[in-house]
Protein chains: 2
Amino acid sequence: MRELRLVTGNMHKLQEFQHGLGQLGITVSLLKADCDEVQADTLEEVVRSCLDQIADQGHEDFILDDSGLFVHALNGFPGVYSSYVFSTIGNDGILKLLNGSEDRTAHFECCIGCHLCGERIIVTGRSSGEITMGPRGSDGFGYDPVFQPDGAQRTFAEMGLEEKGRYSHRGDAMRHFVAELDKRMGRNNR
Amino acid sequence: MRELRLVTGNMHKLQEFQHGLGQLGITVSLLKADCDEVQADTLEEVVRSCLDQIADQGHEDFILDDSGLFVHALNGFPGVYSSYVFSTIGNDGILKLLNGSEDRTAHFECCIGCHLCGERIIVTGRSSGEITMGPRGSDGFGYDPVFQPDGAQRTFAEMGLEEKGRYSHRGDAMRHFVAELDKRMGRNNR
């Protein structure tokens with residue numbers, strides 16, 4: 001069993017990583033470390049910059065992610081600034097901005113970065129779906145109550161960890177991550 | 001006559017600085033240099049980080065600014081992310097978010113940072129006003145068509161450089177900047 005430390009201040013994320021990577025044979029604990037997020041065009045740039053900063057602080061064998069909601073009728077807003085936008089205008093703001101819009105499609109993206117034995121792994125996961133007409137459910141966090149992934153009848157906030165992990169951008173990214181880990185390290189080392 | 005170089009990719013800003021600082025005895029030319037904007041809580045943090053980065057590239061005697069629109073009913077949104085938000089949801093988005101809101105008050109802030117003879121000057125200017133019911137005017141840039149400063153009957157986009165400079169956050173910041181320059185350098189050096 002491999003162990004990784006997750007850099008986050010979001011306990012929901014920690015739970016999702018513990019659940020998702022736990023199923024794939026990796027235990028996850030918390031690493032307290034700070035990173036100044038750059039104003040970048042992509043999640044990957046933010047992740048690369050945070051990997052640098054935290055490695056520069058002397059940490060090894062850690063993982064982190066950055067995620068965003070991209071609403072197609074809003075030119076990808078709130079995108080890389082999702083968490084700031086959530087803290088100011090929230091789900092109500094997103095719903096208001098889509099008032100009268102026929103196109104309610106959106107996707108979530110999650111970029112995971114890992115620094116392991118001096119090497120880096122960076123993978124991205126995605127979940128396509130649409131913005132609901134109103135918030136539904138109270139699980140999860142952030143935009144979960146207003147996002148229903150394709151193929152599901154429930155929003156992320158109406159799903160438990162297990163179901164959300166099957167549909168979500170973070171679950172998708174975690175599966176890519178473990179596949180990449182397997183490829184690099186060989187299954188026997190875990 | 002003192003000369004300063006402005007770091008910007010925005011020709012409207014260059015004009016405003018040339019006009020505003022020109023009146024105060026400083027000529028402004030353009031400096032091409034890049035800075036990665038950090039995701040910060042305040043304009044000042046962004047400005048400090050950009051001053052560092054551009055000074056690290058070996059430049060001297062330059063000026064730059066970061067500005068934001070803070071809408072009070074939206075918890076300060078779009079704030080430090082004003083330019084990203086403008087490029088995605090634009091003025092239409094701001095107007096939509098304020099649909100049905102009685103409180104339309106907002107303020108603009110402009111933080112100017114200057115690196116001069118190895119010293120730093122950082123000042124902030126402010127303009128209070130409100131978000132109009134619809135866009136008016138075609139001068140200026142960004143949120144200018146939907147912002148009417150207190151005491152004026154026109155939006156920033158309905159004003160020429162001269163009038164906008166009297167009311168605007170950037171004009172206010174430029175006056176603070178020159179006052180600070182005078183204090184430090186002595187009026188005789190200019």
# chains A, B, ... in the order shown; residues from 1 in each chain; ligands from 1
>>> residues_around(residues="His107 in chain A", least_positions_apart="2", cutoff="9 Å", atoms="only C-alpha atoms", output="compact mmCIF listing (two decimals) with N, CA and C atoms, in the first residue's frame")
# COMPACT_ATOMS: atom_id res chain seq x y z
N GLY A 68 -12.23 23.10 -11.85
CA GLY A 68 -13.02 24.24 -12.29
C GLY A 68 -14.26 23.79 -13.03
N LEU A 69 -15.26 24.65 -13.00
CA LEU A 69 -16.50 24.44 -13.74
C LEU A 69 -16.47 25.38 -14.95
N PHE A 70 -16.71 24.84 -16.12
CA PHE A 70 -16.68 25.63 -17.35
C PHE A 70 -18.07 25.61 -17.99
N VAL A 71 -18.76 26.73 -17.93
CA VAL A 71 -20.12 26.81 -18.48
C VAL A 71 -20.02 27.32 -19.91
N HIS A 72 -20.54 26.51 -20.84
CA HIS A 72 -20.26 26.78 -22.25
C HIS A 72 -20.90 28.08 -22.75
N GLY A 76 -16.92 29.66 -20.86
CA GLY A 76 -16.04 28.94 -19.95
C GLY A 76 -15.98 29.48 -18.53
N THR A 105 -25.25 23.48 -21.10
CA THR A 105 -24.17 22.49 -20.99
C THR A 105 -22.94 23.09 -20.30
N GLU A 109 -13.60 20.19 -14.81
CA GLU A 109 -12.29 19.61 -15.05
C GLU A 109 -11.53 19.54 -13.74
N ARG A 126 -12.31 14.79 -16.50
CA ARG A 126 -13.37 15.65 -17.00
C ARG A 126 -14.72 15.00 -16.77
N SER A 127 -15.73 15.82 -16.56
CA SER A 127 -17.10 15.33 -16.45
C SER A 127 -18.01 16.30 -17.17
N SER A 128 -18.72 15.80 -18.19
CA SER A 128 -19.63 16.66 -18.94
C SER A 128 -21.04 16.53 -18.41
N GLY A 129 -21.79 17.60 -18.49
CA GLY A 129 -23.16 17.54 -18.00
C GLY A 129 -23.87 18.85 -18.24
N GLU A 130 -24.84 19.15 -17.38
CA GLU A 130 -25.47 20.46 -17.53
C GLU A 130 -25.85 21.10 -16.21
N PHE A 147 -25.00 20.93 -10.74
CA PHE A 147 -24.40 20.22 -11.88
C PHE A 147 -24.87 18.78 -11.92
N PRO A 149 -24.31 15.41 -14.09
CA PRO A 149 -23.46 14.85 -15.15
C PRO A 149 -24.29 14.07 -16.17
N HIS A 169 -15.30 14.51 -12.43
CA HIS A 169 -14.01 14.92 -12.97
C HIS A 169 -12.87 14.45 -12.06
>>> closest_atom_pairs(of="chain A", to="chain B", cutoff="7 Å", atoms="only C-alpha atoms", output="CSV")
residue,atom,partner,partner_atom,distance
A:Asp36,CA,B:Val38,CA,6.7
A:Glu37,CA,B:Gln39,CA,5.1
A:Val38,CA,B:Val38,CA,3.9
A:Gln39,CA,B:Val38,CA,5.0
A:Leu74,CA,B:Ile89,CA,5.8
A:Asn75,CA,B:Thr88,CA,5.2
A:Gly76,CA,B:Thr88,CA,6.9
A:Phe77,CA,B:Thr88,CA,5.8
A:Thr88,CA,B:Asn75,CA,5.2
A:Ile89,CA,B:Leu74,CA,5.7
A:Gly93,CA,B:Leu97,CA,6.2
A:Lys96,CA,B:Leu97,CA,6.1
A:Leu97,CA,B:Lys96,CA,6.1
>>> closest_residue(among="B:Thr155, B:Ile26, B:Val123, B:Lys32", to="Ser168 in chain B", atoms="only C-alpha atoms")
B:Thr155
>>> residues_around(residues="Tyr167 in chain B", least_positions_apart="2", cutoff="12 Å", atoms="only C-alpha atoms", output="mmCIF file with N, CA and C atoms, in the first residue's frame")
data_model
loop_
_atom_site.group_PDB
_atom_site.id
_atom_site.type_symbol
_atom_site.label_atom_id
_atom_site.label_comp_id
_atom_site.auth_asym_id
_atom_site.auth_seq_id
_atom_site.Cartn_x
_atom_site.Cartn_y
_atom_site.Cartn_z
ATOM 1 N N GLY B 20 -3.048 61.678 -17.665
ATOM 2 C CA GLY B 20 -3.096 62.037 -16.243
ATOM 3 C C GLY B 20 -1.729 62.433 -15.704
ATOM 4 N N HIS B 107 -17.761 50.094 -6.365
ATOM 5 C CA HIS B 107 -16.631 51.011 -6.486
ATOM 6 C C HIS B 107 -15.539 50.377 -7.331
ATOM 7 N N PHE B 108 -14.788 51.240 -7.959
ATOM 8 C CA PHE B 108 -13.592 50.833 -8.690
ATOM 9 C C PHE B 108 -12.387 51.124 -7.804
ATOM 10 N N GLU B 109 -11.405 50.267 -7.869
ATOM 11 C CA GLU B 109 -10.143 50.550 -7.201
ATOM 12 C C GLU B 109 -9.014 50.430 -8.208
ATOM 13 N N GLY B 125 -6.158 54.232 -5.504
ATOM 14 C CA GLY B 125 -7.197 55.229 -5.750
ATOM 15 C C GLY B 125 -8.541 54.543 -5.834
ATOM 16 N N ARG B 126 -9.596 55.311 -5.647
ATOM 17 C CA ARG B 126 -10.914 54.710 -5.552
ATOM 18 C C ARG B 126 -11.942 55.625 -6.195
ATOM 19 N N SER B 127 -12.985 55.032 -6.754
ATOM 20 C CA SER B 127 -14.101 55.806 -7.286
ATOM 21 C C SER B 127 -15.386 55.079 -6.934
ATOM 22 N N SER B 128 -16.262 55.764 -6.181
ATOM 23 C CA SER B 128 -17.536 55.150 -5.792
ATOM 24 C C SER B 128 -18.631 55.567 -6.748
ATOM 25 N N GLY B 129 -19.583 54.683 -6.953
ATOM 26 C CA GLY B 129 -20.678 55.002 -7.854
ATOM 27 C C GLY B 129 -21.684 53.887 -7.903
ATOM 28 N N ASP B 144 -16.523 50.339 -18.125
ATOM 29 C CA ASP B 144 -16.835 51.770 -18.184
ATOM 30 C C ASP B 144 -18.284 52.075 -18.594
ATOM 31 N N PHE B 147 -20.751 51.849 -15.439
ATOM 32 C CA PHE B 147 -20.405 52.455 -14.153
ATOM 33 C C PHE B 147 -20.548 53.968 -14.211
ATOM 34 N N GLN B 148 -21.404 54.508 -13.343
ATOM 35 C CA GLN B 148 -21.567 55.953 -13.243
ATOM 36 C C GLN B 148 -21.064 56.398 -11.875
ATOM 37 N N PRO B 149 -19.996 57.206 -11.856
ATOM 38 C CA PRO B 149 -19.436 57.603 -10.560
ATOM 39 C C PRO B 149 -20.364 58.580 -9.833
ATOM 40 N N ASP B 150 -20.311 58.558 -8.520
ATOM 41 C CA ASP B 150 -21.097 59.492 -7.714
ATOM 42 C C ASP B 150 -20.815 60.926 -8.148
ATOM 43 N N GLY B 151 -21.873 61.711 -8.260
ATOM 44 C CA GLY B 151 -21.693 63.131 -8.598
ATOM 45 C C GLY B 151 -21.706 63.407 -10.084
ATOM 46 N N ALA B 152 -21.689 62.351 -10.892
ATOM 47 C CA ALA B 152 -21.713 62.541 -12.352
ATOM 48 C C ALA B 152 -23.054 62.052 -12.907
ATOM 49 N N GLN B 153 -23.382 62.537 -14.090
ATOM 50 C CA GLN B 153 -24.606 62.088 -14.760
ATOM 51 C C GLN B 153 -24.270 61.172 -15.921
ATOM 52 N N ARG B 154 -22.982 60.921 -16.115
ATOM 53 C CA ARG B 154 -22.553 60.118 -17.247
ATOM 54 C C ARG B 154 -21.752 58.921 -16.754
ATOM 55 N N THR B 155 -21.759 57.858 -17.551
ATOM 56 C CA THR B 155 -20.879 56.717 -17.250
ATOM 57 C C THR B 155 -19.449 57.076 -17.681
ATOM 58 N N PHE B 156 -18.478 56.287 -17.224
ATOM 59 C CA PHE B 156 -17.092 56.500 -17.657
ATOM 60 C C PHE B 156 -16.977 56.434 -19.184
ATOM 61 N N MET B 159 -17.566 59.715 -21.037
ATOM 62 C CA MET B 159 -16.672 60.827 -20.698
ATOM 63 C C MET B 159 -15.416 60.792 -21.566
ATOM 64 N N GLY B 160 -14.856 61.954 -21.803
ATOM 65 C CA GLY B 160 -13.517 62.031 -22.403
ATOM 66 C C GLY B 160 -12.470 61.734 -21.341
ATOM 67 N N LEU B 161 -11.200 61.663 -21.774
ATOM 68 C CA LEU B 161 -10.101 61.357 -20.843
ATOM 69 C C LEU B 161 -10.057 62.342 -19.680
ATOM 70 N N GLU B 162 -10.279 63.624 -20.006
ATOM 71 C CA GLU B 162 -10.179 64.689 -19.007
ATOM 72 C C GLU B 162 -11.200 64.487 -17.880
ATOM 73 N N GLU B 163 -12.451 64.307 -18.279
ATOM 74 C CA GLU B 163 -13.518 64.170 -17.287
ATOM 75 C C GLU B 163 -13.389 62.842 -16.542
ATOM 76 N N LYS B 164 -13.104 61.767 -17.274
ATOM 77 C CA LYS B 164 -12.941 60.463 -16.610
ATOM 78 C C LYS B 164 -11.838 60.540 -15.565
ATOM 79 N N GLY B 165 -10.752 61.216 -15.913
ATOM 80 C CA GLY B 165 -9.624 61.335 -14.993
ATOM 81 C C GLY B 165 -9.979 62.039 -13.693
ATOM 82 N N HIS B 169 -10.975 56.088 -10.458
ATOM 83 C CA HIS B 169 -10.045 55.422 -9.549
ATOM 84 C C HIS B 169 -8.598 55.596 -10.027
ATOM 85 N N ARG B 170 -8.403 55.528 -11.351
ATOM 86 C CA ARG B 170 -7.036 55.638 -11.875
ATOM 87 C C ARG B 170 -6.543 57.077 -11.752
ATOM 88 N N GLY B 171 -7.446 58.033 -12.030
ATOM 89 C CA GLY B 171 -7.091 59.441 -11.854
ATOM 90 C C GLY B 171 -6.735 59.718 -10.393
ATOM 91 N N ASP B 172 -7.555 59.192 -9.488
ATOM 92 C CA ASP B 172 -7.323 59.365 -8.056
ATOM 93 C C ASP B 172 -5.963 58.770 -7.667
ATOM 94 N N ALA B 173 -5.695 57.569 -8.161
ATOM 95 C CA ALA B 173 -4.430 56.899 -7.835
ATOM 96 C C ALA B 173 -3.245 57.687 -8.394
ATOM 97 N N MET B 174 -3.410 58.249 -9.590
ATOM 98 C CA MET B 174 -2.301 59.027 -10.179
ATOM 99 C C MET B 174 -2.004 60.257 -9.334
ATOM 100 N N ARG B 175 -3.062 60.906 -8.824
ATOM 101 C CA ARG B 175 -2.822 62.085 -7.972
ATOM 102 C C ARG B 175 -2.101 61.685 -6.681
#
>>> select_by_dssp(residues="range 32-161 of chain B", states="strand (DSSP E)", output="PDB file with C-alpha atoms, in the first residue's frame")
ATOM      1  CA  PHE B  62       8.694  51.577 -14.352  1.00  0.00           C
ATOM      2  CA  ILE B  63       5.095  51.855 -13.286  1.00  0.00           C
ATOM      3  CA  LEU B  64       2.150  49.464 -13.482  1.00  0.00           C
ATOM      4  CA  ASP B  65      -1.342  49.190 -12.113  1.00  0.00           C
ATOM      5  CA  ASP B  66      -4.029  46.671 -11.333  1.00  0.00           C
ATOM      6  CA  SER B  67      -7.655  47.673 -11.121  1.00  0.00           C
ATOM      7  CA  GLY B  68     -10.930  46.084 -10.191  1.00  0.00           C
ATOM      8  CA  LEU B  69     -14.654  46.700  -9.980  1.00  0.00           C
ATOM      9  CA  PHE B  70     -16.243  45.712  -6.670  1.00  0.00           C
ATOM     10  CA  VAL B  71     -20.028  45.343  -6.771  1.00  0.00           C
ATOM     11  CA  PRO B  78     -15.641  40.622  -9.825  1.00  0.00           C
ATOM     12  CA  GLY B  79     -12.931  42.310  -7.705  1.00  0.00           C
ATOM     13  CA  THR B 105     -23.637  50.516  -5.551  1.00  0.00           C
ATOM     14  CA  ALA B 106     -20.102  49.598  -6.534  1.00  0.00           C
ATOM     15  CA  HIS B 107     -16.631  51.011  -6.486  1.00  0.00           C
ATOM     16  CA  PHE B 108     -13.592  50.833  -8.690  1.00  0.00           C
ATOM     17  CA  GLU B 109     -10.143  50.550  -7.201  1.00  0.00           C
ATOM     18  CA  CYS B 110      -6.804  51.152  -8.876  1.00  0.00           C
ATOM     19  CA  CYS B 111      -3.521  50.223  -7.277  1.00  0.00           C
ATOM     20  CA  ILE B 112      -0.432  51.791  -8.852  1.00  0.00           C
ATOM     21  CA  GLY B 113       3.011  50.389  -8.160  1.00  0.00           C
ATOM     22  CA  CYS B 114       6.224  52.080  -9.174  1.00  0.00           C
ATOM     23  CA  HIS B 115       9.840  51.005  -9.039  1.00  0.00           C
ATOM     24  CA  LEU B 116      12.017  54.098  -9.115  1.00  0.00           C
ATOM     25  CA  GLU B 119      12.599  52.452  -4.242  1.00  0.00           C
ATOM     26  CA  ARG B 120       8.966  51.464  -4.371  1.00  0.00           C
ATOM     27  CA  ILE B 121       5.857  53.553  -4.328  1.00  0.00           C
ATOM     28  CA  ILE B 122       2.473  51.880  -3.964  1.00  0.00           C
ATOM     29  CA  VAL B 123      -0.751  53.897  -3.851  1.00  0.00           C
ATOM     30  CA  THR B 124      -4.421  53.124  -4.248  1.00  0.00           C
ATOM     31  CA  GLY B 125      -7.197  55.229  -5.750  1.00  0.00           C
ATOM     32  CA  ARG B 126     -10.914  54.710  -5.552  1.00  0.00           C
ATOM     33  CA  SER B 127     -14.101  55.806  -7.286  1.00  0.00           C
ATOM     34  CA  SER B 128     -17.536  55.150  -5.792  1.00  0.00           C
ATOM     35  CA  GLY B 129     -20.678  55.002  -7.854  1.00  0.00           C
ATOM     36  CA  GLU B 130     -23.264  52.642  -9.169  1.00  0.00           C
ATOM     37  CA  ILE B 131     -23.978  50.125 -11.869  1.00  0.00           C
ATOM     38  CA  PHE B 147     -20.405  52.455 -14.153  1.00  0.00           C
ATOM     39  CA  GLN B 148     -21.567  55.953 -13.243  1.00  0.00           C
ATOM     40  CA  PRO B 149     -19.436  57.603 -10.560  1.00  0.00           C
TER      41      PRO B 149
END
>>> select_by_dssp(residues="range 40-110 of chain A", states="alpha helix (DSSP H)", output="PyMOL selection string")
chain A and resi 43-56+82-88+90-97
>>> write_last_selection(atoms="N, CA and C atoms", output="mmCIF file, in the first residue's frame")
data_model
loop_
_atom_site.group_PDB
_atom_site.id
_atom_site.type_symbol
_atom_site.label_atom_id
_atom_site.label_comp_id
_atom_site.auth_asym_id
_atom_site.auth_seq_id
_atom_site.Cartn_x
_atom_site.Cartn_y
_atom_site.Cartn_z
ATOM 1 N N LEU A 43 -5.970 25.105 -15.626
ATOM 2 C CA LEU A 43 -5.796 24.456 -14.331
ATOM 3 C C LEU A 43 -4.390 23.872 -14.236
ATOM 4 N N GLU A 44 -3.902 23.341 -15.351
ATOM 5 C CA GLU A 44 -2.587 22.702 -15.318
ATOM 6 C C GLU A 44 -1.481 23.687 -14.936
ATOM 7 N N GLU A 45 -1.582 24.920 -15.416
ATOM 8 C CA GLU A 45 -0.576 25.923 -15.038
ATOM 9 C C GLU A 45 -0.597 26.177 -13.535
ATOM 10 N N VAL A 46 -1.814 26.255 -12.975
ATOM 11 C CA VAL A 46 -1.940 26.466 -11.527
ATOM 12 C C VAL A 46 -1.301 25.296 -10.788
ATOM 13 N N VAL A 47 -1.606 24.082 -11.247
ATOM 14 C CA VAL A 47 -1.095 22.879 -10.596
ATOM 15 C C VAL A 47 0.432 22.813 -10.683
ATOM 16 N N ARG A 48 0.982 23.115 -11.860
ATOM 17 C CA ARG A 48 2.446 23.080 -12.016
ATOM 18 C C ARG A 48 3.121 24.080 -11.082
ATOM 19 N N SER A 49 2.525 25.266 -10.995
ATOM 20 C CA SER A 49 3.112 26.297 -10.139
ATOM 21 C C SER A 49 3.054 25.864 -8.665
ATOM 22 N N CYS A 50 1.936 25.260 -8.248
ATOM 23 C CA CYS A 50 1.823 24.812 -6.852
ATOM 24 C C CYS A 50 2.782 23.653 -6.561
ATOM 25 N N LEU A 51 2.951 22.753 -7.517
ATOM 26 C CA LEU A 51 3.914 21.662 -7.319
ATOM 27 C C LEU A 51 5.310 22.248 -7.070
ATOM 28 N N ASP A 52 5.686 23.236 -7.894
ATOM 29 C CA ASP A 52 6.995 23.886 -7.731
ATOM 30 C C ASP A 52 7.149 24.480 -6.339
ATOM 31 N N GLN A 53 6.132 25.273 -5.969
ATOM 32 C CA GLN A 53 6.229 26.008 -4.707
ATOM 33 C C GLN A 53 6.343 25.064 -3.519
ATOM 34 N N ILE A 54 5.553 23.992 -3.546
ATOM 35 C CA ILE A 54 5.531 23.110 -2.374
ATOM 36 C C ILE A 54 6.770 22.215 -2.351
ATOM 37 N N ALA A 55 7.250 21.824 -3.532
ATOM 38 C CA ALA A 55 8.523 21.085 -3.580
ATOM 39 C C ALA A 55 9.659 21.994 -3.083
ATOM 40 N N ASP A 56 9.596 23.290 -3.457
ATOM 41 C CA ASP A 56 10.631 24.241 -2.999
ATOM 42 C C ASP A 56 10.642 24.387 -1.480
ATOM 43 N N SER A 82 -13.064 29.360 -10.423
ATOM 44 C CA SER A 82 -14.298 28.806 -9.868
ATOM 45 C C SER A 82 -14.436 29.024 -8.370
ATOM 46 N N SER A 83 -13.359 28.849 -7.624
ATOM 47 C CA SER A 83 -13.566 28.917 -6.178
ATOM 48 C C SER A 83 -13.790 30.363 -5.723
ATOM 49 N N TYR A 84 -13.093 31.318 -6.359
ATOM 50 C CA TYR A 84 -13.369 32.727 -6.034
ATOM 51 C C TYR A 84 -14.806 33.094 -6.424
ATOM 52 N N VAL A 85 -15.219 32.700 -7.608
ATOM 53 C CA VAL A 85 -16.564 33.049 -8.071
ATOM 54 C C VAL A 85 -17.611 32.416 -7.154
ATOM 55 N N PHE A 86 -17.362 31.174 -6.736
ATOM 56 C CA PHE A 86 -18.317 30.536 -5.824
ATOM 57 C C PHE A 86 -18.441 31.328 -4.528
ATOM 58 N N SER A 87 -17.320 31.838 -4.034
ATOM 59 C CA SER A 87 -17.354 32.542 -2.751
ATOM 60 C C SER A 87 -18.009 33.917 -2.849
ATOM 61 N N THR A 88 -18.197 34.419 -4.055
ATOM 62 C CA THR A 88 -18.832 35.739 -4.178
ATOM 63 C C THR A 88 -20.269 35.642 -4.697
ATOM 64 N N GLY A 90 -21.749 32.648 -5.955
ATOM 65 C CA GLY A 90 -22.319 31.342 -5.635
ATOM 66 C C GLY A 90 -23.141 30.707 -6.747
ATOM 67 N N ASN A 91 -23.880 29.666 -6.374
ATOM 68 C CA ASN A 91 -24.716 28.966 -7.351
ATOM 69 C C ASN A 91 -25.842 29.858 -7.862
ATOM 70 N N ASP A 92 -26.352 30.730 -6.987
ATOM 71 C CA ASP A 92 -27.396 31.665 -7.420
ATOM 72 C C ASP A 92 -26.911 32.506 -8.593
ATOM 73 N N GLY A 93 -25.663 32.942 -8.515
ATOM 74 C CA GLY A 93 -25.102 33.756 -9.591
ATOM 75 C C GLY A 93 -25.036 32.988 -10.897
ATOM 76 N N ILE A 94 -24.575 31.745 -10.844
ATOM 77 C CA ILE A 94 -24.486 30.929 -12.061
ATOM 78 C C ILE A 94 -25.881 30.733 -12.660
ATOM 79 N N LEU A 95 -26.866 30.438 -11.797
ATOM 80 C CA LEU A 95 -28.237 30.232 -12.281
ATOM 81 C C LEU A 95 -28.773 31.510 -12.928
ATOM 82 N N LYS A 96 -28.495 32.646 -12.293
ATOM 83 C CA LYS A 96 -28.967 33.921 -12.822
ATOM 84 C C LYS A 96 -28.345 34.216 -14.194
ATOM 85 N N LEU A 97 -27.055 33.953 -14.309
ATOM 86 C CA LEU A 97 -26.364 34.218 -15.571
ATOM 87 C C LEU A 97 -26.907 33.348 -16.701
#
>>> residues_around(residues="range 9-19 of chain B", least_positions_apart="6", cutoff="7 Å", atoms="only C-alpha atoms", output="PDB file with C-alpha atoms, in the first residue's frame")
ATOM      1  CA  THR B  27       5.915  61.607 -19.584  1.00  0.00           C
ATOM      2  CA  VAL B  28       4.894  57.987 -19.964  1.00  0.00           C
ATOM      3  CA  GLY B 140     -13.031  53.872 -22.277  1.00  0.00           C
ATOM      4  CA  PHE B 141     -12.848  50.104 -21.845  1.00  0.00           C
ATOM      5  CA  LEU B 161     -10.101  61.357 -20.843  1.00  0.00           C
TER       6      LEU B 161
END
>>> atom_distance(atom1="CA of Cys117 in chain A", atom2="CA of Leu24 in chain A")
19.4 Å
>>> atom_distance(atom1="CA of Arg104 in chain B", atom2="CA of Val146 in chain B")
10.7 Å
>>> atom_distance(atom1="CA of Glu3 in chain B", atom2="CA of Gly118 in chain B")
15.3 Å
>>> decode(residues="range 6-64 of chain A", atoms="C-alpha atoms", output="PDB file, in the first residue's frame")
ATOM      1  CA  LEU A   6      -2.779  15.614  -0.116  1.00  0.00           C
ATOM      2  CA  VAL A   7      -2.298  19.392  -0.029  1.00  0.00           C
ATOM      3  CA  THR A   8      -5.728  20.947   0.487  1.00  0.00           C
ATOM      4  CA  GLY A   9      -7.766  23.048   2.858  1.00  0.00           C
ATOM      5  CA  ASN A  10     -11.000  21.418   1.679  1.00  0.00           C
ATOM      6  CA  MET A  11     -12.147  18.463   3.762  1.00  0.00           C
ATOM      7  CA  HIS A  12     -14.618  17.358   1.077  1.00  0.00           C
ATOM      8  CA  LYS A  13     -11.724  16.975  -1.332  1.00  0.00           C
ATOM      9  CA  LEU A  14      -9.753  15.000   1.248  1.00  0.00           C
ATOM     10  CA  GLN A  15     -12.709  12.612   1.619  1.00  0.00           C
ATOM     11  CA  GLU A  16     -13.018  12.200  -2.138  1.00  0.00           C
ATOM     12  CA  PHE A  17      -9.322  11.436  -2.499  1.00  0.00           C
ATOM     13  CA  GLN A  18      -9.335   9.037   0.444  1.00  0.00           C
ATOM     14  CA  HIS A  19     -12.324   7.229  -0.988  1.00  0.00           C
ATOM     15  CA  GLY A  20     -11.231   7.199  -4.612  1.00  0.00           C
ATOM     16  CA  LEU A  21      -7.537   6.431  -4.159  1.00  0.00           C
ATOM     17  CA  GLY A  22      -8.302   4.082  -1.243  1.00  0.00           C
ATOM     18  CA  GLN A  23     -10.233   1.867  -3.657  1.00  0.00           C
ATOM     19  CA  LEU A  24      -7.165   1.893  -5.887  1.00  0.00           C
ATOM     20  CA  GLY A  25      -4.753   0.893  -3.120  1.00  0.00           C
ATOM     21  CA  ILE A  26      -3.372   4.241  -1.967  1.00  0.00           C
ATOM     22  CA  THR A  27      -3.912   5.788   1.467  1.00  0.00           C
ATOM     23  CA  VAL A  28      -4.195   9.555   1.632  1.00  0.00           C
ATOM     24  CA  SER A  29      -3.356  11.799   4.562  1.00  0.00           C
ATOM     25  CA  LEU A  30      -3.256  15.570   4.858  1.00  0.00           C
ATOM     26  CA  LEU A  31      -0.236  17.798   4.232  1.00  0.00           C
ATOM     27  CA  LYS A  32      -0.433  21.351   5.473  1.00  0.00           C
ATOM     28  CA  ALA A  33       1.429  23.562   3.015  1.00  0.00           C
ATOM     29  CA  ASP A  34       0.715  26.844   1.284  1.00  0.00           C
ATOM     30  CA  CYS A  35       0.822  27.775  -2.336  1.00  0.00           C
ATOM     31  CA  ASP A  36       0.086  31.120  -3.994  1.00  0.00           C
ATOM     32  CA  GLU A  37      -2.182  30.298  -6.902  1.00  0.00           C
ATOM     33  CA  VAL A  38      -1.154  32.112 -10.075  1.00  0.00           C
ATOM     34  CA  GLN A  39      -3.752  33.735 -12.322  1.00  0.00           C
ATOM     35  CA  ALA A  40      -3.297  31.244 -15.124  1.00  0.00           C
ATOM     36  CA  ASP A  41      -5.247  30.323 -18.238  1.00  0.00           C
ATOM     37  CA  THR A  42      -5.426  26.640 -17.392  1.00  0.00           C
ATOM     38  CA  LEU A  43      -5.796  24.456 -14.331  1.00  0.00           C
ATOM     39  CA  GLU A  44      -2.587  22.702 -15.318  1.00  0.00           C
ATOM     40  CA  GLU A  45      -0.576  25.923 -15.038  1.00  0.00           C
ATOM     41  CA  VAL A  46      -1.940  26.466 -11.527  1.00  0.00           C
ATOM     42  CA  VAL A  47      -1.095  22.879 -10.596  1.00  0.00           C
ATOM     43  CA  ARG A  48       2.446  23.080 -12.016  1.00  0.00           C
ATOM     44  CA  SER A  49       3.112  26.297 -10.139  1.00  0.00           C
ATOM     45  CA  CYS A  50       1.823  24.812  -6.852  1.00  0.00           C
ATOM     46  CA  LEU A  51       3.914  21.662  -7.319  1.00  0.00           C
ATOM     47  CA  ASP A  52       6.995  23.886  -7.731  1.00  0.00           C
ATOM     48  CA  GLN A  53       6.229  26.008  -4.707  1.00  0.00           C
ATOM     49  CA  ILE A  54       5.531  23.110  -2.374  1.00  0.00           C
ATOM     50  CA  ALA A  55       8.523  21.085  -3.580  1.00  0.00           C
ATOM     51  CA  ASP A  56      10.631  24.241  -2.999  1.00  0.00           C
ATOM     52  CA  GLN A  57       9.436  24.168   0.609  1.00  0.00           C
ATOM     53  CA  GLY A  58      11.165  20.782   0.913  1.00  0.00           C
ATOM     54  CA  HIS A  59       8.132  18.493   0.679  1.00  0.00           C
ATOM     55  CA  GLU A  60       8.214  15.148  -1.155  1.00  0.00           C
ATOM     56  CA  ASP A  61       5.576  12.586  -2.161  1.00  0.00           C
ATOM     57  CA  PHE A  62       2.511  14.778  -2.209  1.00  0.00           C
ATOM     58  CA  ILE A  63      -0.499  15.259  -4.394  1.00  0.00           C
ATOM     59  CA  LEU A  64      -2.771  18.224  -5.068  1.00  0.00           C
TER      60      LEU A  64
END
